[in-house]
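Coordinates as given in run.txt (compact mmCIF, C-alpha atoms):
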# COMPACT_ATOMS: atom_id res chain seq x y z
CA TYR A 853 50.49 76.87 33.67
CA MET A 854 47.22 78.80 33.73
CA GLN A 855 44.78 79.38 36.58
CA LEU A 856 41.19 78.49 35.75
CA GLY A 857 38.84 81.30 36.73
CA SER A 858 38.50 81.81 40.47
CA SER A 859 39.69 78.27 41.23
CA ASP A 860 43.00 77.07 42.61
CA LEU A 861 43.47 74.80 39.57
CA LYS A 862 46.71 75.39 37.64
CA VAL A 863 46.56 73.67 34.26
CA SER A 864 48.90 73.25 31.32
CA ILE A 865 48.16 75.44 28.29
CA ALA A 866 47.62 72.21 26.35
CA CYS A 867 44.90 69.88 27.63
CA LEU A 868 44.83 66.23 26.56
CA GLY A 869 41.59 65.48 24.73
CA THR A 870 40.35 61.90 24.77
CA MET A 871 37.22 61.58 22.65
CA THR A 872 38.73 59.17 20.10
CA TRP A 873 39.70 56.62 22.77
CA GLY A 874 37.43 53.63 22.40
CA VAL A 875 36.62 54.03 18.69
CA GLN A 876 39.68 55.18 16.76
CA ASN A 877 42.15 54.36 19.54
CA ASN A 878 42.26 51.21 21.65
CA GLU A 879 43.20 50.99 25.31
CA SER A 880 46.92 50.39 24.81
CA GLU A 881 47.11 53.41 22.50
CA ALA A 882 45.26 55.53 25.07
CA PHE A 883 47.76 54.43 27.73
CA GLU A 884 50.65 55.32 25.42
CA GLN A 885 49.21 58.80 24.87
CA LEU A 886 48.67 59.33 28.59
CA ASP A 887 52.17 58.13 29.45
CA TYR A 888 53.80 60.49 26.98
CA ALA A 889 51.60 63.53 27.58
CA VAL A 890 51.78 63.42 31.37
CA LYS A 891 55.26 62.01 31.96
CA GLN A 892 57.15 63.67 29.10
CA GLY A 893 54.95 66.32 27.53
CA GLY A 894 54.32 68.54 30.54
CA ILE A 895 50.53 68.09 30.42
CA ASN A 896 48.64 67.84 33.70
CA PHE A 897 45.11 68.43 32.36
CA ILE A 898 42.93 65.58 31.01
CA ASP A 899 39.48 66.18 29.53
CA THR A 900 36.84 63.51 29.01
CA ALA A 901 33.04 63.03 29.20
CA GLU A 902 30.48 60.36 29.98
CA LEU A 903 29.48 60.54 26.30
CA TYR A 904 32.93 59.62 24.95
CA PRO A 905 34.11 58.23 22.63
CA VAL A 906 32.48 60.00 19.71
CA PRO A 907 30.68 59.20 17.57
CA SER A 908 28.88 57.80 20.59
CA THR A 909 26.74 54.66 20.77
CA ALA A 910 25.05 52.68 23.54
CA GLU A 911 27.84 50.11 23.24
CA THR A 912 30.77 52.52 23.43
CA MET A 913 29.69 55.41 25.71
CA GLY A 914 31.73 55.50 28.88
CA ARG A 915 34.58 53.49 27.37
CA THR A 916 36.94 56.48 27.34
CA GLU A 917 36.44 57.08 31.06
CA GLU A 918 37.06 53.37 31.69
CA TYR A 919 40.40 53.54 29.85
CA ILE A 920 41.48 56.54 31.93
CA GLY A 921 40.30 54.81 35.11
CA ARG A 922 42.38 51.73 34.43
CA TRP A 923 45.43 53.91 33.67
CA LEU A 924 44.96 55.79 36.93
CA ALA A 925 44.62 52.50 38.81
CA ARG A 926 47.86 51.29 37.24
CA GLU A 927 49.71 54.51 38.07
CA GLY A 928 48.51 54.79 41.67
CA PRO A 929 47.30 57.60 43.97
CA GLU A 930 50.34 59.85 43.53
CA MET A 931 49.59 60.22 39.83
CA ARG A 932 45.98 61.13 40.59
CA LYS A 933 47.24 64.01 42.75
CA LYS A 934 49.41 65.34 39.92
CA ILE A 935 46.71 65.65 37.27
CA VAL A 936 43.67 67.87 36.86
CA LEU A 937 40.87 65.54 35.78
CA THR A 938 37.65 66.77 34.24
CA SER A 939 34.56 65.09 32.86
CA LYS A 940 31.13 66.20 31.65
CA VAL A 941 27.46 65.43 32.22
CA SER A 942 25.27 65.40 29.13
CA GLY A 943 22.40 67.82 28.59
CA TYR A 944 19.04 67.30 26.89
CA SER A 945 19.17 64.79 24.01
CA THR A 946 16.32 62.63 22.76
CA MET A 947 18.83 60.80 20.55
CA ARG A 948 20.99 59.62 23.46
CA LYS A 949 18.61 58.03 25.94
CA TYR A 950 21.13 55.21 26.39
CA LEU A 951 23.29 57.64 28.39
CA VAL A 952 20.88 57.46 31.31
CA ALA A 953 20.49 53.69 31.03
CA ASN A 954 24.26 53.11 31.12
CA ARG A 955 24.84 55.13 34.28
CA LYS A 956 23.74 52.19 36.43
CA VAL A 957 25.06 48.63 36.79
CA PRO A 958 23.02 46.72 35.81
CA LYS A 959 21.55 49.11 33.26
CA GLN A 960 18.40 51.01 34.12
CA ALA A 961 15.58 52.11 31.81
CA GLU A 962 16.41 54.53 29.01
CA ALA A 963 15.40 58.16 29.45
CA THR A 964 16.17 61.53 27.93
CA PRO A 965 19.21 62.96 29.73
CA ARG A 966 18.52 66.22 31.54
CA LEU A 967 20.47 68.57 33.78
CA SER A 968 18.22 67.72 36.70
CA ARG A 969 19.49 67.06 40.20
CA GLU A 970 18.75 63.35 39.89
CA HIS A 971 20.50 62.96 36.53
CA ILE A 972 23.54 65.03 37.52
CA PHE A 973 24.02 62.96 40.68
CA GLU A 974 23.65 59.69 38.77
CA ALA A 975 26.03 60.86 36.05
CA VAL A 976 28.80 61.98 38.39
CA ASP A 977 28.66 58.72 40.35
CA ALA A 978 28.90 56.76 37.11
CA SER A 979 31.88 58.83 35.93
CA LEU A 980 33.65 58.42 39.27
CA ARG A 981 33.11 54.65 39.09
CA ARG A 982 34.48 54.38 35.55
CA LEU A 983 37.40 56.72 36.28
CA GLN A 984 38.24 54.84 39.51
CA THR A 985 38.54 58.05 41.53
CA ASP A 986 36.51 59.58 44.34
CA TYR A 987 36.54 63.15 43.04
CA LEU A 988 36.76 65.24 39.88
CA ASP A 989 38.78 68.44 39.81
CA LEU A 990 36.35 69.98 37.33
CA TYR A 991 32.85 68.87 36.27
CA GLN A 992 31.32 70.43 33.18
CA LEU A 993 27.76 70.70 31.86
CA HIS A 994 28.38 69.34 28.36
CA TRP A 995 25.58 71.29 26.68
CA PRO A 996 22.50 73.15 27.92
CA ASP A 997 19.24 71.55 29.04
CA ARG A 998 17.19 74.25 27.30
CA TYR A 999 16.92 74.67 23.55
CA THR A 1000 19.59 76.95 22.20
CA PRO A 1001 21.37 77.02 18.83
CA ASN A 1002 24.41 74.83 19.22
CA PHE A 1003 27.10 72.83 17.43
CA GLY A 1004 27.17 75.14 14.43
CA GLU A 1005 23.52 76.19 14.24
CA LEU A 1006 23.30 79.72 12.86
CA GLY A 1007 20.63 81.44 14.95
CA TYR A 1008 17.87 81.17 17.52
CA ASP A 1009 14.56 79.67 16.34
CA ARG A 1010 11.63 80.29 18.72
CA SER A 1011 9.66 77.42 17.21
CA LYS A 1012 12.18 75.01 18.78
CA GLU A 1013 11.62 76.24 22.33
CA ARG A 1014 10.42 73.53 24.73
CA ASP A 1015 8.28 73.53 27.83
CA GLY A 1016 9.60 71.91 30.97
CA ASP A 1017 13.21 73.10 30.95
CA ILE A 1018 15.11 72.19 34.09
CA PRO A 1019 15.35 75.43 36.10
CA PHE A 1020 18.79 77.00 36.36
CA GLU A 1021 18.32 76.91 40.14
CA GLU A 1022 18.02 73.11 40.21
CA THR A 1023 21.10 72.57 38.07
CA VAL A 1024 23.27 75.06 39.95
CA GLN A 1025 22.20 73.82 43.37
CA ALA A 1026 23.01 70.27 42.31
CA VAL A 1027 26.60 71.12 41.38
CA GLY A 1028 26.91 73.19 44.55
CA ASP A 1029 25.87 70.19 46.63
CA LEU A 1030 28.38 68.00 44.76
CA ILE A 1031 31.10 70.48 45.71
CA LYS A 1032 30.02 70.32 49.37
CA ALA A 1033 30.01 66.51 49.20
CA GLY A 1034 33.58 66.51 47.87
CA LYS A 1035 32.71 64.68 44.66
CA ILE A 1036 33.76 67.64 42.51
CA ARG A 1037 36.07 70.52 43.33
CA HIS A 1038 34.88 73.03 40.72
CA TRP A 1039 32.38 73.20 37.88
CA GLY A 1040 32.25 74.59 34.40
CA LEU A 1041 30.06 75.13 31.36
CA SER A 1042 30.35 73.88 27.80
CA ASN A 1043 28.78 74.76 24.46
CA GLU A 1044 27.12 77.69 26.18
CA ASN A 1045 26.25 81.23 25.03
CA ALA A 1046 26.25 84.63 26.74
CA TYR A 1047 22.69 84.28 28.03
CA GLY A 1048 23.39 80.87 29.56
CA VAL A 1049 26.64 82.01 31.15
CA THR A 1050 24.96 85.04 32.70
CA MET A 1051 22.03 83.05 34.04
CA MET A 1052 24.29 80.35 35.51
CA VAL A 1053 26.55 82.92 37.17
CA GLN A 1054 23.73 85.04 38.59
CA THR A 1055 21.94 81.94 39.86
CA ALA A 1056 25.12 80.70 41.54
CA LEU A 1057 25.73 84.04 43.24
CA ARG A 1058 22.12 84.15 44.44
CA LEU A 1059 22.27 80.60 45.84
CA GLY A 1060 25.70 80.98 47.42
CA VAL A 1061 27.26 78.42 45.06
CA PRO A 1062 30.77 79.12 43.71
CA PRO A 1063 30.47 80.37 40.11
CA PRO A 1064 31.70 78.26 37.18
CA VAL A 1065 35.43 78.55 36.53
CA SER A 1066 35.59 77.43 32.90
CA ILE A 1067 33.68 77.18 29.65
CA GLN A 1068 34.53 74.64 26.96
CA ASN A 1069 33.42 76.00 23.59
CA ASP A 1070 34.23 75.51 19.92
CA PHE A 1071 36.92 78.09 19.18
CA SER A 1072 39.43 78.54 16.39
CA LEU A 1073 40.58 80.93 13.68
CA ALA A 1074 37.46 79.86 11.77
CA ASP A 1075 35.01 79.96 14.69
CA ARG A 1076 35.21 83.06 16.86
CA ARG A 1077 31.69 83.09 18.26
CA PHE A 1078 33.08 83.10 21.82
CA TRP A 1079 34.76 86.43 21.05
CA THR A 1080 32.18 88.02 18.73
CA ASP A 1081 28.85 86.97 20.26
CA GLY A 1082 29.20 88.33 23.79
CA VAL A 1083 30.42 85.20 25.57
CA ALA A 1084 33.88 86.65 26.19
CA GLU A 1085 32.26 89.64 27.90
CA ALA A 1086 30.00 87.40 30.01
CA CYS A 1087 33.08 85.44 31.12
CA SER A 1088 35.27 88.47 31.87
CA PRO A 1089 36.53 89.07 35.43
CA HIS A 1090 34.62 92.35 35.14
CA ALA A 1091 31.38 90.33 34.99
CA VAL A 1092 32.26 87.26 37.08
CA PRO A 1093 34.42 87.18 40.22
CA GLY A 1094 37.71 85.68 39.06
CA GLY A 1095 36.47 85.33 35.50
CA ILE A 1096 35.61 82.19 33.55
CA SER A 1097 38.47 80.66 31.53
CA LEU A 1098 37.96 79.34 28.01
CA LEU A 1099 38.83 75.72 27.28
CA ALA A 1100 38.99 75.72 23.50
CA TYR A 1101 38.07 72.66 21.51
CA GLY A 1102 38.32 72.47 17.73
CA ALA A 1103 41.34 74.79 17.58
CA LEU A 1104 42.52 72.92 14.46
CA CYS A 1105 38.96 72.56 13.06
CA GLY A 1106 39.23 68.82 13.34
CA GLY A 1107 42.62 68.84 11.60
CA THR A 1108 41.70 71.15 8.72
CA LEU A 1109 43.97 73.95 9.96
CA SER A 1110 46.89 71.49 10.25
CA GLY A 1111 47.02 71.46 6.45
CA LYS A 1112 46.67 67.70 6.12
CA TYR A 1113 43.60 67.91 3.90
CA HIS A 1114 45.43 70.26 1.52
CA LYS A 1115 48.32 67.89 0.80
CA ASP A 1116 48.55 65.97 -2.47
CA ASP A 1117 49.53 62.89 -0.47
CA LYS A 1118 46.31 61.75 1.22
CA SER A 1119 47.86 58.92 3.23
CA ASP A 1120 47.74 61.04 6.41
CA VAL A 1121 43.96 61.42 6.22
CA GLU A 1122 42.87 57.91 5.22
CA GLN A 1123 42.03 57.12 8.86
CA ALA A 1124 41.11 60.69 9.84
CA ARG A 1125 37.85 61.18 11.75
CA HIS A 1126 36.32 63.34 9.03
CA VAL A 1127 37.07 60.68 6.43
CA LEU A 1128 35.82 57.75 8.48
CA TYR A 1129 32.74 59.69 9.65
CA ASP A 1130 31.83 61.95 6.76
CA ASP A 1131 28.75 63.38 8.51
CA PHE A 1132 30.67 64.33 11.67
CA GLN A 1133 31.49 68.03 12.13
CA PRO A 1134 31.08 69.01 8.46
CA ARG A 1135 31.27 72.67 9.53
CA TYR A 1136 35.03 72.19 9.77
CA ARG A 1137 35.22 71.24 6.09
CA SER A 1138 32.94 73.74 4.39
CA GLU A 1139 34.27 75.32 1.21
CA ARG A 1140 35.09 78.61 2.92
CA VAL A 1141 36.81 76.93 5.89
CA MET A 1142 38.94 75.01 3.39
CA ALA A 1143 39.75 78.26 1.58
CA MET A 1144 40.60 79.99 4.84
CA ALA A 1145 42.83 77.07 5.81
CA GLY A 1146 44.65 77.46 2.51
CA ASP A 1147 45.45 81.09 3.31
CA HIS A 1148 46.45 80.08 6.84
CA ILE A 1149 48.88 77.51 5.42
CA GLU A 1150 50.51 80.13 3.18
CA ILE A 1151 51.00 82.50 6.13
CA ALA A 1152 52.61 79.69 8.11
CA LYS A 1153 55.01 78.99 5.21
CA LYS A 1154 55.89 82.67 5.02
CA TYR A 1155 57.10 82.64 8.63
CA ASN A 1156 58.67 79.16 8.47
CA VAL A 1157 56.33 77.56 11.00
CA SER A 1158 53.88 74.72 10.61
CA PRO A 1159 50.14 75.41 10.20
CA THR A 1160 49.53 73.47 13.42
CA GLU A 1161 52.03 75.59 15.35
CA LEU A 1162 50.49 78.80 14.06
CA ALA A 1163 46.89 77.77 14.79
CA TYR A 1164 47.71 76.70 18.34
CA ALA A 1165 49.87 79.77 18.99
CA TRP A 1166 47.04 82.03 17.88
CA ALA A 1167 44.55 80.27 20.19
CA ALA A 1168 46.94 80.18 23.15
CA SER A 1169 47.65 83.90 22.84
CA ARG A 1170 44.04 84.95 23.48
CA GLU A 1171 43.63 86.84 26.77
CA TYR A 1172 40.71 84.67 27.92
CA MET A 1173 42.36 81.29 27.19
CA GLY A 1174 42.65 78.81 30.02
CA SER A 1175 43.76 75.78 28.00
CA VAL A 1176 43.64 74.53 24.42
CA ILE A 1177 42.37 70.97 24.05
CA ILE A 1178 44.43 68.82 21.70
CA GLY A 1179 43.46 65.47 20.24
CA ALA A 1180 45.41 62.83 18.37
CA THR A 1181 44.90 59.37 16.93
CA SER A 1182 48.62 58.64 16.57
CA MET A 1183 51.71 59.27 18.67
CA LYS A 1184 53.19 61.28 15.81
CA GLN A 1185 50.23 63.67 15.95
CA LEU A 1186 50.34 63.86 19.73
CA LYS A 1187 54.04 64.74 19.85
CA GLU A 1188 53.61 67.38 17.13
CA ASN A 1189 50.63 68.91 18.92
CA ILE A 1190 52.41 69.16 22.27
CA ALA A 1191 55.61 70.50 20.69
CA ALA A 1192 53.60 73.19 18.90
CA PHE A 1193 53.04 75.03 22.18
CA GLU A 1194 56.79 75.26 22.78
CA LYS A 1195 57.53 76.89 19.43
CA GLU A 1196 58.39 80.58 19.36
CA ILE A 1197 56.01 82.14 16.82
CA PRO A 1198 56.71 85.63 15.45
CA ALA A 1199 54.13 88.14 16.67
CA GLU A 1200 53.76 89.31 13.05
CA ALA A 1201 52.60 85.83 12.03
CA ILE A 1202 49.92 85.77 14.72
CA GLU A 1203 48.78 89.27 13.78
CA GLU A 1204 48.60 88.40 10.08
CA VAL A 1205 46.64 85.19 10.56
CA ASP A 1206 44.36 86.98 13.02
CA LYS A 1207 43.17 89.23 10.20
CA LEU A 1208 41.81 86.33 8.17
CA HIS A 1209 38.47 86.61 9.94
CA LEU A 1210 37.91 89.92 8.15
CA GLN A 1211 37.97 88.00 4.86
CA TYR A 1212 36.13 84.93 6.12
CA GLU A 1213 33.45 85.92 8.61
CA ARG A 1214 31.70 82.77 9.90
CA PRO A 1215 33.24 80.62 7.15
CA TYR A 1216 31.48 77.46 8.32
CA PHE A 1217 28.25 78.99 6.92
CA ASP A 1218 28.71 78.89 3.17
CA PRO A 1219 25.97 80.38 0.98
CA GLY A 1220 23.43 77.61 0.49
CA LEU A 1221 24.51 75.74 3.59
CA CYS A 1222 22.70 75.51 6.91
CA ARG A 1223 23.29 73.98 10.32
CA MET A 1224 26.72 72.47 10.81
CA GLY A 1225 27.62 72.98 7.16
CA ARG A 1226 24.98 70.61 5.79
CA LYS A 1227 23.19 71.50 2.59
CA PHE A 1228 19.49 72.29 2.54

Spell out the structure here as structure tokens.
Amino acid sequence: YMQLGSSDLKVSIACLGTMTWGVQNNESEAFEQLDYAVKQGGINFIDTAELYPVPSTAETMGRTEEYIGRWLAREGPEMRKKIVLTSKVSGYSTMRKYLVANRKVPKQAEATPRLSREHIFEAVDASLRRLQTDYLDLYQLHWPDRYTPNFGELGYDRSKERDGDIPFEETVQAVGDLIKAGKIRHWGLSNENAYGVTMMVQTALRLGVPPPVSIQNDFSLADRRFWTDGVAEACSPHAVPGGISLLAYGALCGGTLSGKYHKDDKSDVEQARHVLYDDFQPRYRSERVMAMAGDHIEIAKKYNVSPTELAYAWAASREYMGSVIIGATSMKQLKENIAAFEKEIPAEAIEEVDKLHLQYERPYFDPGLCRMGRKF
């Protein structure tokens, strides 16, 4: 078990992701995953968000939290004490105004979600209601309020800057007050860069608010921006008291690094997220990511391990890793994902696969492709 940043939270190296629950998985399947992961798989860390499931709609958002809440109600208060439960509040999004409307019962007027004090307080209360708990162990800012290149965007574009950003001080003070109120124990960042981390930390220290303890970013063999773009330095214990632990999502690039898209038999991918939702996360399926995955698969064969085991072992071995988020739409996938962290992987295999980034720097940006792998 790993300690998250300066917190007292001890979490399993594998974190149970939940974003398919409510679209690709129904409630009984979610319960089955929770039962196995927590009671048999050694997982004590559950990650969700007000936005989930994804792809998100006005009809489905919040459904994942409701599933978890009903499971917790079934299991009772002792189970709640055993798990580390985290959710997220959404940042600025003109496409998801329904998020604000759905935070109230009955629904309120739609509005652009922001990381303002009012919106953060409304969002946490809604999450607590759906999750049927009176506190969250960790509360994350899902993405920034300000404009910043995100979700696969290549670089910063000044023409996209907006007036009226919520000040860092307002956001940080809001989470600090939630900690004082006992609604959250700790807070974290997500989809954030080095500038945002530094500003959040310095603001927290200035206001007397505990600094964030985690950051949930896209991170895999194919996406090393956390390590290469200064975020790892901004999260180091040298820069932040206690450090900020990485919670890696996308460690399998949406399944690409598992090798399932390279098999001649396509039955395993007929119901895969990237088949059902072709426009979702195309960066994980760019030509160069697919080529890199092919090389990754060959290295795994060489050392007699599965591609999934090797990809997870590489991620888990990083010095800044707090937990690696896994996701599954079937029990077979879930059991394989959890077991992957128990496999002894030769150090030579991890070293060899680590060198692939020298051949495939930023592979999700193919020549002729732009944001998130989409063609111009």

### Straight-line distance linking CA of Arg1170 (chain A) with CA of Ile865 (chain A), stated in Å to one decimal
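Atom-to-atom, CA of Arg1170 (chain A) to CA of Ile865 (chain A), that is 11.4 Å.
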
### Query
Mind pulling up the distance from CA of Met947 (chain A) to CA of Thr909 (chain A)?
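Here the two named atoms are 10.0 Å from each other.
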
### Task
For CA of Ser942 (chain A) and CA of His971 (chain A), quote the distance in Å rounded to one decimal.
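Computed distance, CA of Ser942 (chain A) to CA of His971 (chain A), equals 9.1 Å.
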
### Message
Which residues are close to region 1070-1083 of chain A, i.e. within 7 Å by all atoms listed in the file, leaving aside same-chain residues fewer than 3 positions away? Reply as a list in words.
### Response
Asn1045, Ala1046, Ala1086, Cys1087, Ala1100, Tyr1101, Gly1102, Ala1103, Leu1104, Cys1105, Val1141, Ala1167, Arg1214 and Pro1215 of chain A

#### Entry: Nearest to Ala1199 (chain A) by atom-to-atom distance, counting all atoms listed in the file, from A:Ser1138, A:Gln876, A:Ser1169, A:Thr900
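The answer is A:Ser1169, which sits nearest to Ala1199 (chain A).
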
### Nearest to Ala1192 (chain A), chosen from A:Ala1056, A:Val1157, A:Ala1180, A:Leu1210, with only C-alpha atoms counted in the distances
A:Val1157
